[in-house]
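Chemist: The structure under discussion is supplied below as structure tokens; questions concerning it will follow.
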Amino acid sequence: MTPAVDTHLHAHWPQRYDYSQPTGSRIRPDDVAISAEGLFPALNAQGFSHVVIIQPGAYGNDNSAMLDAIARSNGHAKGIANMSLSASDEEFVTLKRQGVVGVRLSLVHSLTGIFDHPDIETFLSRCRAHEVFVEVFAPAATWPQIIPQLRKAQVKVIVEHVGYPIIPDGVQQPGFQSVLELGRNSDAVIKLGSGFRLGQTGGRYADVKPFAVAALEAFGPEKCIWGSDWPFLSPQVGSVKRDVTWPIDYAGEFGGFEDWVPDPATRRTILWDTPARLFGFAA
């Protein structure tokens, strides 16, 4: 198998770890592919050898299911954890030892005001000191407000979901332009993919392509990674509420990426060279 990294999927394991949030109920408990035993066969079947597991909101700050999956991966998985803003240095050290390479800040649901919290500056300084990525899930319109704080903290930034723009508002929308400017003038990394969260048309997400192309041009393939967002928990969650009438599956999500990035050499850089360098994977 040619090495490749899916940098955005979630470890759900309700058979062993109870959810702390109701969003987890959308996963079928009998779906073995979501457990640690089923995750890697499912991933390999799609042609991927490595993965970055993103802590799902359904587990809150309890990273146990994700850490269990990482421990069973034989070095093929890393993690992006959820952490309290009051997390200690010891917690950072412990999570890094267990394969965590970053922390996630979501400004879409429960943590919309997290960058106004009095502990955010100390938390970001700890992220920098422990050399972990700060992965941000935020609507495009929010980025102009939070970029100055991220740059002041000098942390390693990952932009989720192509910057989470409103597709009908076009590439020139100010928030998305701020994301592109961040790409041109910093070491920030952007995740392509998650077409089902953004697109209005389904299929291979041709309407998302202009945004992906602009992101690739601004960041360069050495700062672009791809993630499926499997197991596609929330098709109705997006920058614009819409009726999702098309089937959402791994092949369709990856097919969109192939259309956005038609050059095989560039795709290989995004799927392996860049994430292997960023996250410390070996072929």
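By convention here, the chains of the structure tokens are called A, B, ... in the order presented, each chain's residues are numbered starting at 1, and ligands are numbered starting at 1 in the order presented.
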Using the chain letters and numbers from this document, which residues of stretch 64-124 of chain A does DSSP assign to helix (DSSP H, G or I), as JSON, numbers by chain?
Modeler: {"A": [64, 65, 66, 67, 68, 69, 70, 71, 89, 90, 91, 92, 93, 94, 95, 96, 97, 114, 115, 116, 120, 121, 122, 123, 124]}
Chemist: Store the residues picked out above in a file with N, CA and C atoms, as an mmCIF file, in the first residue's frame.
Modeler:
data_model
loop_
_atom_site.group_PDB
_atom_site.id
_atom_site.type_symbol
_atom_site.label_atom_id
_atom_site.label_comp_id
_atom_site.auth_asym_id
_atom_site.auth_seq_id
_atom_site.Cartn_x
_atom_site.Cartn_y
_atom_site.Cartn_z
ATOM 1 N N SER A 64 -10.399 9.216 26.042
ATOM 2 C CA SER A 64 -10.056 7.809 26.253
ATOM 3 C C SER A 64 -10.217 6.957 25.005
ATOM 4 N N ALA A 65 -11.331 7.105 24.291
ATOM 5 C CA ALA A 65 -11.561 6.270 23.109
ATOM 6 C C ALA A 65 -10.505 6.544 22.045
ATOM 7 N N MET A 66 -10.191 7.814 21.834
ATOM 8 C CA MET A 66 -9.170 8.180 20.864
ATOM 9 C C MET A 66 -7.804 7.636 21.263
ATOM 10 N N LEU A 67 -7.441 7.782 22.529
ATOM 11 C CA LEU A 67 -6.140 7.310 22.996
ATOM 12 C C LEU A 67 -6.040 5.793 22.910
ATOM 13 N N ASP A 68 -7.139 5.104 23.145
ATOM 14 C CA ASP A 68 -7.156 3.653 23.014
ATOM 15 C C ASP A 68 -6.890 3.244 21.573
ATOM 16 N N ALA A 69 -7.560 3.932 20.639
ATOM 17 C CA ALA A 69 -7.346 3.624 19.222
ATOM 18 C C ALA A 69 -5.901 3.890 18.808
ATOM 19 N N ILE A 70 -5.328 4.997 19.283
ATOM 20 C CA ILE A 70 -3.932 5.312 18.966
ATOM 21 C C ILE A 70 -3.015 4.209 19.501
ATOM 22 N N ALA A 71 -3.271 3.766 20.728
ATOM 23 C CA ALA A 71 -2.425 2.752 21.345
ATOM 24 C C ALA A 71 -2.446 1.441 20.568
ATOM 25 N N ASP A 89 0.650 21.647 32.605
ATOM 26 C CA ASP A 89 1.774 21.181 31.797
ATOM 27 C C ASP A 89 1.862 19.658 31.824
ATOM 28 N N GLU A 90 1.581 19.061 32.980
ATOM 29 C CA GLU A 90 1.639 17.605 33.092
ATOM 30 C C GLU A 90 0.658 16.929 32.148
ATOM 31 N N GLU A 91 -0.526 17.509 31.977
ATOM 32 C CA GLU A 91 -1.504 16.938 31.045
ATOM 33 C C GLU A 91 -0.989 16.986 29.614
ATOM 34 N N PHE A 92 -0.372 18.072 29.228
ATOM 35 C CA PHE A 92 0.220 18.167 27.898
ATOM 36 C C PHE A 92 1.279 17.093 27.700
ATOM 37 N N VAL A 93 2.152 16.935 28.682
ATOM 38 C CA VAL A 93 3.234 15.953 28.573
ATOM 39 C C VAL A 93 2.660 14.545 28.438
ATOM 40 N N THR A 94 1.657 14.228 29.240
ATOM 41 C CA THR A 94 1.066 12.896 29.210
ATOM 42 C C THR A 94 0.401 12.613 27.872
ATOM 43 N N LEU A 95 -0.355 13.567 27.362
ATOM 44 C CA LEU A 95 -1.048 13.359 26.093
ATOM 45 C C LEU A 95 -0.053 13.227 24.941
ATOM 46 N N LYS A 96 0.987 14.022 24.952
ATOM 47 C CA LYS A 96 1.992 13.891 23.893
ATOM 48 C C LYS A 96 2.644 12.514 23.932
ATOM 49 N N ARG A 97 2.919 12.020 25.119
ATOM 50 C CA ARG A 97 3.520 10.696 25.256
ATOM 51 C C ARG A 97 2.593 9.612 24.678
ATOM 52 N N ILE A 114 -14.626 31.033 23.035
ATOM 53 C CA ILE A 114 -13.434 30.563 23.741
ATOM 54 C C ILE A 114 -12.264 31.540 23.638
ATOM 55 N N PHE A 115 -12.189 32.303 22.554
ATOM 56 C CA PHE A 115 -11.076 33.239 22.411
ATOM 57 C C PHE A 115 -11.272 34.502 23.253
ATOM 58 N N ASP A 116 -12.425 34.617 23.898
ATOM 59 C CA ASP A 116 -12.651 35.710 24.849
ATOM 60 C C ASP A 116 -12.430 35.260 26.286
ATOM 61 N N ILE A 120 -7.432 31.890 27.845
ATOM 62 C CA ILE A 120 -7.001 31.479 26.503
ATOM 63 C C ILE A 120 -5.535 31.819 26.254
ATOM 64 N N GLU A 121 -5.070 32.958 26.733
ATOM 65 C CA GLU A 121 -3.679 33.347 26.477
ATOM 66 C C GLU A 121 -2.704 32.367 27.138
ATOM 67 N N THR A 122 -2.991 31.991 28.383
ATOM 68 C CA THR A 122 -2.137 31.022 29.076
ATOM 69 C C THR A 122 -2.183 29.673 28.381
ATOM 70 N N PHE A 123 -3.365 29.259 27.958
ATOM 71 C CA PHE A 123 -3.512 27.976 27.272
ATOM 72 C C PHE A 123 -2.703 27.955 25.976
ATOM 73 N N LEU A 124 -2.808 29.011 25.189
ATOM 74 C CA LEU A 124 -2.057 29.062 23.930
ATOM 75 C C LEU A 124 -0.555 29.085 24.190
#
Chemist: Which neighbours of stretch 195-199 of chain A fall inside 12 Å, counting only C-alpha atoms, when residues of the same chain fewer than 6 positions from it are skipped, and could you give them as a PyMOL selection string?
Modeler: chain A and resi 139-140+160-170+205-212+226-260
Chemist: Just want the 12 Å neighbourhood of A:Pro148, counted on only C-alpha atoms, with same-chain residues fewer than 6 positions away dropped. Output as number ranges by chain.
Modeler: A: 115, 121, 142, 154-155, 178-179, 182, 186
Chemist: Give me every strand (DSSP E) residue in stretch 51-213 of chain A, going by DSSP on the backbone, as a count of residues only.
Modeler: 30
Chemist: Using only C-alpha atoms, which residues sit within 8 Å of A:Leu105 once same-chain residues fewer than 5 positions away are excluded, as JSON, numbers by chain?
Modeler: {"A": [82, 111, 114, 134, 135, 136, 137]}
Chemist: Next, the residues of the selection above should be written as a compact mmCIF listing (two decimals), in the first residue's frame with N, CA and C atoms.
Modeler:
# COMPACT_ATOMS: atom_id res chain seq x y z
N ASN A 82 -9.20 17.13 22.80
CA ASN A 82 -9.90 18.22 23.47
C ASN A 82 -9.29 18.37 24.85
N LEU A 111 -18.12 26.14 22.14
CA LEU A 111 -17.01 27.00 22.55
C LEU A 111 -16.91 28.25 21.69
N ILE A 114 -14.63 31.03 23.04
CA ILE A 114 -13.43 30.56 23.74
C ILE A 114 -12.26 31.54 23.64
N VAL A 134 -2.49 23.80 17.24
CA VAL A 134 -3.80 24.29 17.65
C VAL A 134 -4.70 24.22 16.42
N GLU A 135 -5.58 23.26 16.44
CA GLU A 135 -6.49 23.06 15.31
C GLU A 135 -7.80 23.78 15.60
N VAL A 136 -8.20 24.67 14.70
CA VAL A 136 -9.35 25.54 14.94
C VAL A 136 -10.45 25.24 13.95
N PHE A 137 -11.64 24.94 14.50
CA PHE A 137 -12.85 24.75 13.70
C PHE A 137 -13.69 26.00 13.91
Chemist: Write out as a list in words each polymer residue whose atoms come within 10 Å of A:Tyr17, counting only C-alpha atoms; drop sequence neighbours fewer than 2 positions from it.
Modeler: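 Once the nearby chain positions are removed, what remains is His12, Trp13, Pro14, Gln15, Tyr19, Ser20, Ser35, Tyr59, Asp62, Asn63, Ser64 and Ala65 of chain A.
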Chemist: Residues of the last selection are to be written out with N, CA and C atoms, as a compact mmCIF listing (two decimals), in the first residue's frame.
Modeler:
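Heads up, here's the output in result-v9.txt:
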# COMPACT_ATOMS: atom_id res chain seq x y z
N HIS A 12 -15.11 6.78 17.41
CA HIS A 12 -16.31 6.54 18.21
C HIS A 12 -16.28 5.08 18.64
N TRP A 13 -16.50 4.84 19.93
CA TRP A 13 -16.43 3.48 20.43
C TRP A 13 -17.46 3.30 21.54
N PRO A 14 -18.75 3.44 21.20
CA PRO A 14 -19.79 3.38 22.24
C PRO A 14 -19.90 2.01 22.90
N GLN A 15 -19.35 0.99 22.22
CA GLN A 15 -19.37 -0.34 22.84
C GLN A 15 -18.55 -0.37 24.13
N TYR A 19 -20.78 8.02 25.74
CA TYR A 19 -20.72 9.41 25.32
C TYR A 19 -21.09 10.34 26.48
N SER A 20 -20.49 11.52 26.47
CA SER A 20 -20.86 12.54 27.44
C SER A 20 -21.78 13.59 26.83
N SER A 35 -15.24 1.17 15.99
CA SER A 35 -14.44 0.75 17.13
C SER A 35 -12.97 0.69 16.74
N TYR A 59 -17.56 13.10 23.07
CA TYR A 59 -16.82 12.66 24.25
C TYR A 59 -16.30 13.83 25.09
N ASP A 62 -12.97 13.97 27.44
CA ASP A 62 -12.54 12.61 27.77
C ASP A 62 -12.00 11.97 26.50
N ASN A 63 -10.68 11.95 26.36
CA ASN A 63 -10.02 11.47 25.14
C ASN A 63 -9.76 9.96 25.15
N SER A 64 -10.40 9.22 26.04
CA SER A 64 -10.06 7.81 26.25
C SER A 64 -10.22 6.96 25.00
N ALA A 65 -11.33 7.11 24.29
CA ALA A 65 -11.56 6.27 23.11
C ALA A 65 -10.50 6.54 22.04
Chemist: A:Met83, A:Ile158, A:Val189, A:Leu107: which is nearest A:Ala141, counting only C-alpha atoms?
Modeler: A:Leu107
Chemist: Looking at A:Ile146, A:Met1, A:Val171, A:Ile80, which one is nearest to A:Leu43, with distances taken over only C-alpha atoms?
Modeler: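 Of A:Ile146, A:Met1, A:Val171, A:Ile80, the one nearest A:Leu43, counting only C-alpha atoms, is A:Met1.
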Chemist: Which value, in Å to one decimal, gives the distance between atom CA of A:Leu39 and atom CA of A:Val132?
Modeler: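 Atom-to-atom, atom CA of A:Leu39 to atom CA of A:Val132, that is 24.4 Å.
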